[in-house]
Amino acid sequence: MDNIITLNIGGTTFLTCMSTLKKYPETRLGRLTTSSPEYVLEKHFYFFDRSPDLFSRILDFYRNDEMHLQANCCSQLIQKELDYWEIQYSDIPQCCRSTILKKETDLKTFQKLKISTEIPLAFDGVTKCGNGLQRKIWLFVNEPLSSTPAKCYNFAYCLVVILSVFMELLFTSPYFRIPLESTNNVTFMQNIGLLRDMNNSKAVFFLTTEVELWWYIIDDCLLVFFTLEFCTRFAASPSKLTFLKDGLNILDVVLDVSMWFRFVVRQFGFTILLKNNTLLTINQLCFASISFRMFRITRLSKQFDGLKILLTTIRESIKELVLLFLTILMLAMFFANIIFLAEMSESTTFPSSFEGIWWSVITMTTVGYGDHYPKSVLGKCVGACCAVCGVIIIAMPIAIIATNFNTFYTRMQDIRNFENRVKINHEKLSKRNNSIKPQS
């Protein structure tokens, strides 16, 4: 009986044997003696100001040599209790590890969503802004959820971005282009001189025509709008360095510079490009940057949870995407060599393995343009294997990415539902506090 000791855990009494605790002398309970600071001499028990809910599991560890956990217990609480009682994670058996790991995964998911949805401190527009006007301007142009006018402005900004992309599509349409004036015959001949293939009717038409005047007027208005919008956000930003490090802001700089370069070239005349190959290359790069204009809409991710989740899913699935591309590349090169050898008897198909790589990618992605296809029986067998491998290989990473999206979407719904409950509870408490105030 002298071996039995009393443990008082948060007001709940537990009885056990000292020999049971001494099985693990490296733990907090295993080092207990009557001289320990937790020992209450007057009442002859050890007192610990901890929650008693999990302590029965802690005590079972000393009895059964395994740390079994409750399925509905918080992983953070389990971690704190294990750290306090100095029990190793390795003592948790395999049957209970999935419970704590799943909860830790959910917690990490919430943290990732929190990081992706929260505004960095340097951009919160409240604690870092120098004055009230700067703060109002920053919230208006950069925080669509800050007010109704800010929502309207961001909606208008979205329409302007779509218009800018649509204008570049009109630039290539033959219905909105007119022939160059007869006074520009020199320019016309110089443009034709750039062509390597005079039979390329599309290139000839593009170089010998120009868009109408109204197109240039709208494009100049868009140039002024995006330039003023960027300068306003930069001037109102709480942290200029953090602002310039943001990827979307860097994209804005590149797009604005490209638009200004095209504007300057138009003022000096396009003939200046024909005299300098460097300027011609830069002009071509500026035209290529048009494709990135649509990415400006991603700034609206602060307003739409679906866009936030999509961007977060892509960011968290980089490993799966890299694995997908590498696998497709390896299989494409493998089947390219195989189909080249299988079609060796056919003189009209697959003159080299490079055509085989194109055919392999198109076949594995189940696109099937039909520009290259096997004719021999052996080649058709190789094509069937390539198609089946493509379906299997692509399906596995895509399933992981889809699972990540579903997980983030579900957790985001939980976050929003909890925020709504907090808001409703706060309103109820406010009404209750107002109702019980003594009337003067």
# chains A, B, ... in the order shown; residues from 1 in each chain; ligands from 1
call {"tool": "residues_around", "arguments": {"residues": "Leu163 of chain A", "least_positions_apart": "5", "cutoff": "10 Å", "atoms": "only C-alpha atoms", "output": "ChimeraX atom specification"}}
result
/A:157-158,168-169,218-219,222,294
call {"tool": "atom_distance", "arguments": {"atom1": "atom CA of Arg233 of chain A", "atom2": "atom CA of Ile250 of chain A"}}
result
12.8 Å
call {"tool": "select_by_dssp", "arguments": {"residues": "segment 300-371 of chain A", "states": "helix (DSSP H, G or I)", "output": "number ranges by chain"}}
result
A: 300-302, 305-316, 318-342, 353-364
call {"tool": "residues_around", "arguments": {"residues": "Pro25 of chain A", "least_positions_apart": "6", "cutoff": "12 Å", "atoms": "only C-alpha atoms", "output": "PyMOL selection string"}}
result
chain A and resi 18-19+31-33+62+85-87
call {"tool": "write_last_selection", "arguments": {"atoms": "N, CA, C and O atoms", "output": "PDB file, in the first residue's frame"}}
result
ATOM      1  N   MET A  18       3.642   3.974  -7.595  1.00  0.00           N
ATOM      2  CA  MET A  18       4.901   4.648  -7.889  1.00  0.00           C
ATOM      3  C   MET A  18       5.768   3.801  -8.804  1.00  0.00           C
ATOM      4  O   MET A  18       6.462   4.325  -9.683  1.00  0.00           O
ATOM      5  N   SER A  19       5.690   2.474  -8.638  1.00  0.00           N
ATOM      6  CA  SER A  19       6.477   1.586  -9.503  1.00  0.00           C
ATOM      7  C   SER A  19       6.041   1.688 -10.957  1.00  0.00           C
ATOM      8  O   SER A  19       6.859   1.512 -11.873  1.00  0.00           O
ATOM      9  N   ARG A  31       9.981  11.077 -12.440  1.00  0.00           N
ATOM     10  CA  ARG A  31      10.961  11.689 -11.548  1.00  0.00           C
ATOM     11  C   ARG A  31      10.349  12.167 -10.227  1.00  0.00           C
ATOM     12  O   ARG A  31      11.011  12.831  -9.438  1.00  0.00           O
ATOM     13  N   LEU A  32       9.070  11.867 -10.005  1.00  0.00           N
ATOM     14  CA  LEU A  32       8.409  12.346  -8.795  1.00  0.00           C
ATOM     15  C   LEU A  32       8.998  11.724  -7.534  1.00  0.00           C
ATOM     16  O   LEU A  32       9.246  10.515  -7.472  1.00  0.00           O
ATOM     17  N   THR A  33       9.188  12.584  -6.546  1.00  0.00           N
ATOM     18  CA  THR A  33       9.587  12.153  -5.192  1.00  0.00           C
ATOM     19  C   THR A  33       8.853  13.046  -4.200  1.00  0.00           C
ATOM     20  O   THR A  33       8.203  14.026  -4.584  1.00  0.00           O
ATOM     21  N   TYR A  62       1.780   4.752 -18.982  1.00  0.00           N
ATOM     22  CA  TYR A  62       2.658   4.091 -18.005  1.00  0.00           C
ATOM     23  C   TYR A  62       2.192   2.667 -17.716  1.00  0.00           C
ATOM     24  O   TYR A  62       3.004   1.800 -17.377  1.00  0.00           O
ATOM     25  N   TRP A  85       4.296  16.594 -20.086  1.00  0.00           N
ATOM     26  CA  TRP A  85       4.606  15.355 -19.359  1.00  0.00           C
ATOM     27  C   TRP A  85       5.874  14.685 -19.874  1.00  0.00           C
ATOM     28  O   TRP A  85       6.266  13.632 -19.371  1.00  0.00           O
ATOM     29  N   GLU A  86       6.496  15.293 -20.897  1.00  0.00           N
ATOM     30  CA  GLU A  86       7.792  14.842 -21.438  1.00  0.00           C
ATOM     31  C   GLU A  86       7.695  13.426 -21.986  1.00  0.00           C
ATOM     32  O   GLU A  86       8.544  12.561 -21.715  1.00  0.00           O
ATOM     33  N   ILE A  87       6.657  13.193 -22.761  1.00  0.00           N
ATOM     34  CA  ILE A  87       6.460  11.902 -23.430  1.00  0.00           C
ATOM     35  C   ILE A  87       6.773  12.080 -24.911  1.00  0.00           C
ATOM     36  O   ILE A  87       6.341  13.057 -25.538  1.00  0.00           O
TER      37      ILE A  87
END
call {"tool": "closest_residue", "arguments": {"among": "A:Ser376, A:Gln267, A:Ser51, A:Thr16", "to": "Glu343 of chain A", "atoms": "only C-alpha atoms"}}
result
A:Ser376
call {"tool": "closest_residue", "arguments": {"among": "A:Thr148, A:Leu323, A:His68, A:Met412", "to": "Leu307 of chain A", "atoms": "only C-alpha atoms"}}
result
A:Met412
call {"tool": "residues_around", "arguments": {"residues": "Met396 of chain A", "least_positions_apart": "5", "cutoff": "12 Å", "atoms": "only C-alpha atoms", "output": "VMD selection string"}}
result
chain A and resid 320 to 321 323 to 324 327 389 to 391 401 to 403
call {"tool": "write_last_selection", "arguments": {"atoms": "C-alpha atoms", "output": "mmCIF file, in the first residue's frame"}}
result
data_model
loop_
_atom_site.group_PDB
_atom_site.id
_atom_site.type_symbol
_atom_site.label_atom_id
_atom_site.label_comp_id
_atom_site.auth_asym_id
_atom_site.auth_seq_id
_atom_site.Cartn_x
_atom_site.Cartn_y
_atom_site.Cartn_z
ATOM 1 C CA GLU A 320 2.683 17.544 -58.306
ATOM 2 C CA LEU A 321 2.771 19.807 -61.382
ATOM 3 C CA LEU A 323 6.150 15.651 -61.372
ATOM 4 C CA LEU A 324 3.460 15.676 -64.069
ATOM 5 C CA THR A 327 6.763 12.298 -66.327
ATOM 6 C CA CYS A 389 0.085 5.464 -70.391
ATOM 7 C CA GLY A 390 -0.897 9.081 -70.890
ATOM 8 C CA VAL A 391 -4.332 8.579 -69.358
ATOM 9 C CA ILE A 401 -4.455 18.614 -57.303
ATOM 10 C CA ALA A 402 -8.243 18.222 -57.358
ATOM 11 C CA THR A 403 -8.127 16.863 -53.802
#
call {"tool": "closest_residue", "arguments": {"among": "A:Leu429, A:Asn406, A:Thr12, A:Phe155", "to": "Gly306 of chain A", "atoms": "only C-alpha atoms"}}
result
A:Asn406
call {"tool": "residues_around", "arguments": {"residues": "Ala150 of chain A", "least_positions_apart": "2", "cutoff": "12 Å", "atoms": "only C-alpha atoms", "output": "mmCIF file with N, CA and C atoms, in the first residue's frame"}}
result
data_model
loop_
_atom_site.group_PDB
_atom_site.id
_atom_site.type_symbol
_atom_site.label_atom_id
_atom_site.label_comp_id
_atom_site.auth_asym_id
_atom_site.auth_seq_id
_atom_site.Cartn_x
_atom_site.Cartn_y
_atom_site.Cartn_z
ATOM 1 N N LYS A 136 -6.980 56.346 -46.806
ATOM 2 C CA LYS A 136 -8.221 56.241 -47.571
ATOM 3 C C LYS A 136 -7.943 55.906 -49.034
ATOM 4 N N ILE A 137 -6.922 56.546 -49.597
ATOM 5 C CA ILE A 137 -6.577 56.270 -50.992
ATOM 6 C C ILE A 137 -6.112 54.824 -51.156
ATOM 7 N N TRP A 138 -5.285 54.368 -50.211
ATOM 8 C CA TRP A 138 -4.775 53.003 -50.288
ATOM 9 C C TRP A 138 -5.902 51.974 -50.195
ATOM 10 N N LEU A 139 -6.801 52.157 -49.263
ATOM 11 C CA LEU A 139 -7.923 51.233 -49.122
ATOM 12 C C LEU A 139 -8.827 51.283 -50.347
ATOM 13 N N PHE A 140 -8.982 52.451 -50.927
ATOM 14 C CA PHE A 140 -9.876 52.593 -52.083
ATOM 15 C C PHE A 140 -9.340 51.863 -53.305
ATOM 16 N N VAL A 141 -8.032 52.004 -53.574
ATOM 17 C CA VAL A 141 -7.468 51.439 -54.809
ATOM 18 C C VAL A 141 -6.961 50.016 -54.638
ATOM 19 N N ASN A 142 -6.742 49.565 -53.400
ATOM 20 C CA ASN A 142 -6.090 48.270 -53.224
ATOM 21 C C ASN A 142 -6.889 47.275 -52.400
ATOM 22 N N GLU A 143 -7.889 47.724 -51.661
ATOM 23 C CA GLU A 143 -8.667 46.828 -50.810
ATOM 24 C C GLU A 143 -10.129 46.859 -51.225
ATOM 25 N N PRO A 144 -10.550 45.950 -52.098
ATOM 26 C CA PRO A 144 -11.924 46.003 -52.619
ATOM 27 C C PRO A 144 -12.985 45.761 -51.566
ATOM 28 N N LEU A 145 -12.633 45.109 -50.457
ATOM 29 C CA LEU A 145 -13.622 44.813 -49.429
ATOM 30 C C LEU A 145 -13.714 45.900 -48.357
ATOM 31 N N SER A 146 -12.940 46.971 -48.514
ATOM 32 C CA SER A 146 -12.920 48.002 -47.477
ATOM 33 C C SER A 146 -14.173 48.869 -47.492
ATOM 34 N N SER A 147 -14.805 49.043 -48.643
ATOM 35 C CA SER A 147 -15.991 49.888 -48.731
ATOM 36 C C SER A 147 -16.718 49.595 -50.038
ATOM 37 N N THR A 148 -17.945 50.079 -50.136
ATOM 38 C CA THR A 148 -18.719 49.913 -51.371
ATOM 39 C C THR A 148 -18.092 50.657 -52.548
ATOM 40 N N CYS A 152 -16.862 49.044 -56.215
ATOM 41 C CA CYS A 152 -17.242 49.576 -57.522
ATOM 42 C C CYS A 152 -16.005 49.911 -58.355
ATOM 43 N N TYR A 153 -14.988 50.496 -57.710
ATOM 44 C CA TYR A 153 -13.765 50.836 -58.439
ATOM 45 C C TYR A 153 -13.078 49.575 -58.955
ATOM 46 N N ASN A 154 -12.990 48.551 -58.127
ATOM 47 C CA ASN A 154 -12.332 47.323 -58.558
ATOM 48 C C ASN A 154 -13.118 46.621 -59.653
ATOM 49 N N PHE A 155 -14.440 46.736 -59.615
ATOM 50 C CA PHE A 155 -15.242 46.181 -60.705
ATOM 51 C C PHE A 155 -14.958 46.927 -62.004
ATOM 52 N N ALA A 156 -14.870 48.266 -61.915
ATOM 53 C CA ALA A 156 -14.534 49.062 -63.101
ATOM 54 C C ALA A 156 -13.124 48.736 -63.589
ATOM 55 N N TYR A 157 -12.191 48.524 -62.648
ATOM 56 C CA TYR A 157 -10.822 48.154 -63.019
ATOM 57 C C TYR A 157 -10.812 46.834 -63.783
ATOM 58 N N LEU A 300 -7.983 40.863 -57.991
ATOM 59 C CA LEU A 300 -9.314 40.777 -57.408
ATOM 60 C C LEU A 300 -9.490 39.532 -56.549
ATOM 61 N N LYS A 302 -8.599 39.152 -53.669
ATOM 62 C CA LYS A 302 -8.978 39.571 -52.322
ATOM 63 C C LYS A 302 -10.493 39.625 -52.160
ATOM 64 N N GLN A 303 -11.187 39.759 -53.272
ATOM 65 C CA GLN A 303 -12.635 39.912 -53.224
ATOM 66 C C GLN A 303 -13.362 38.592 -53.454
#
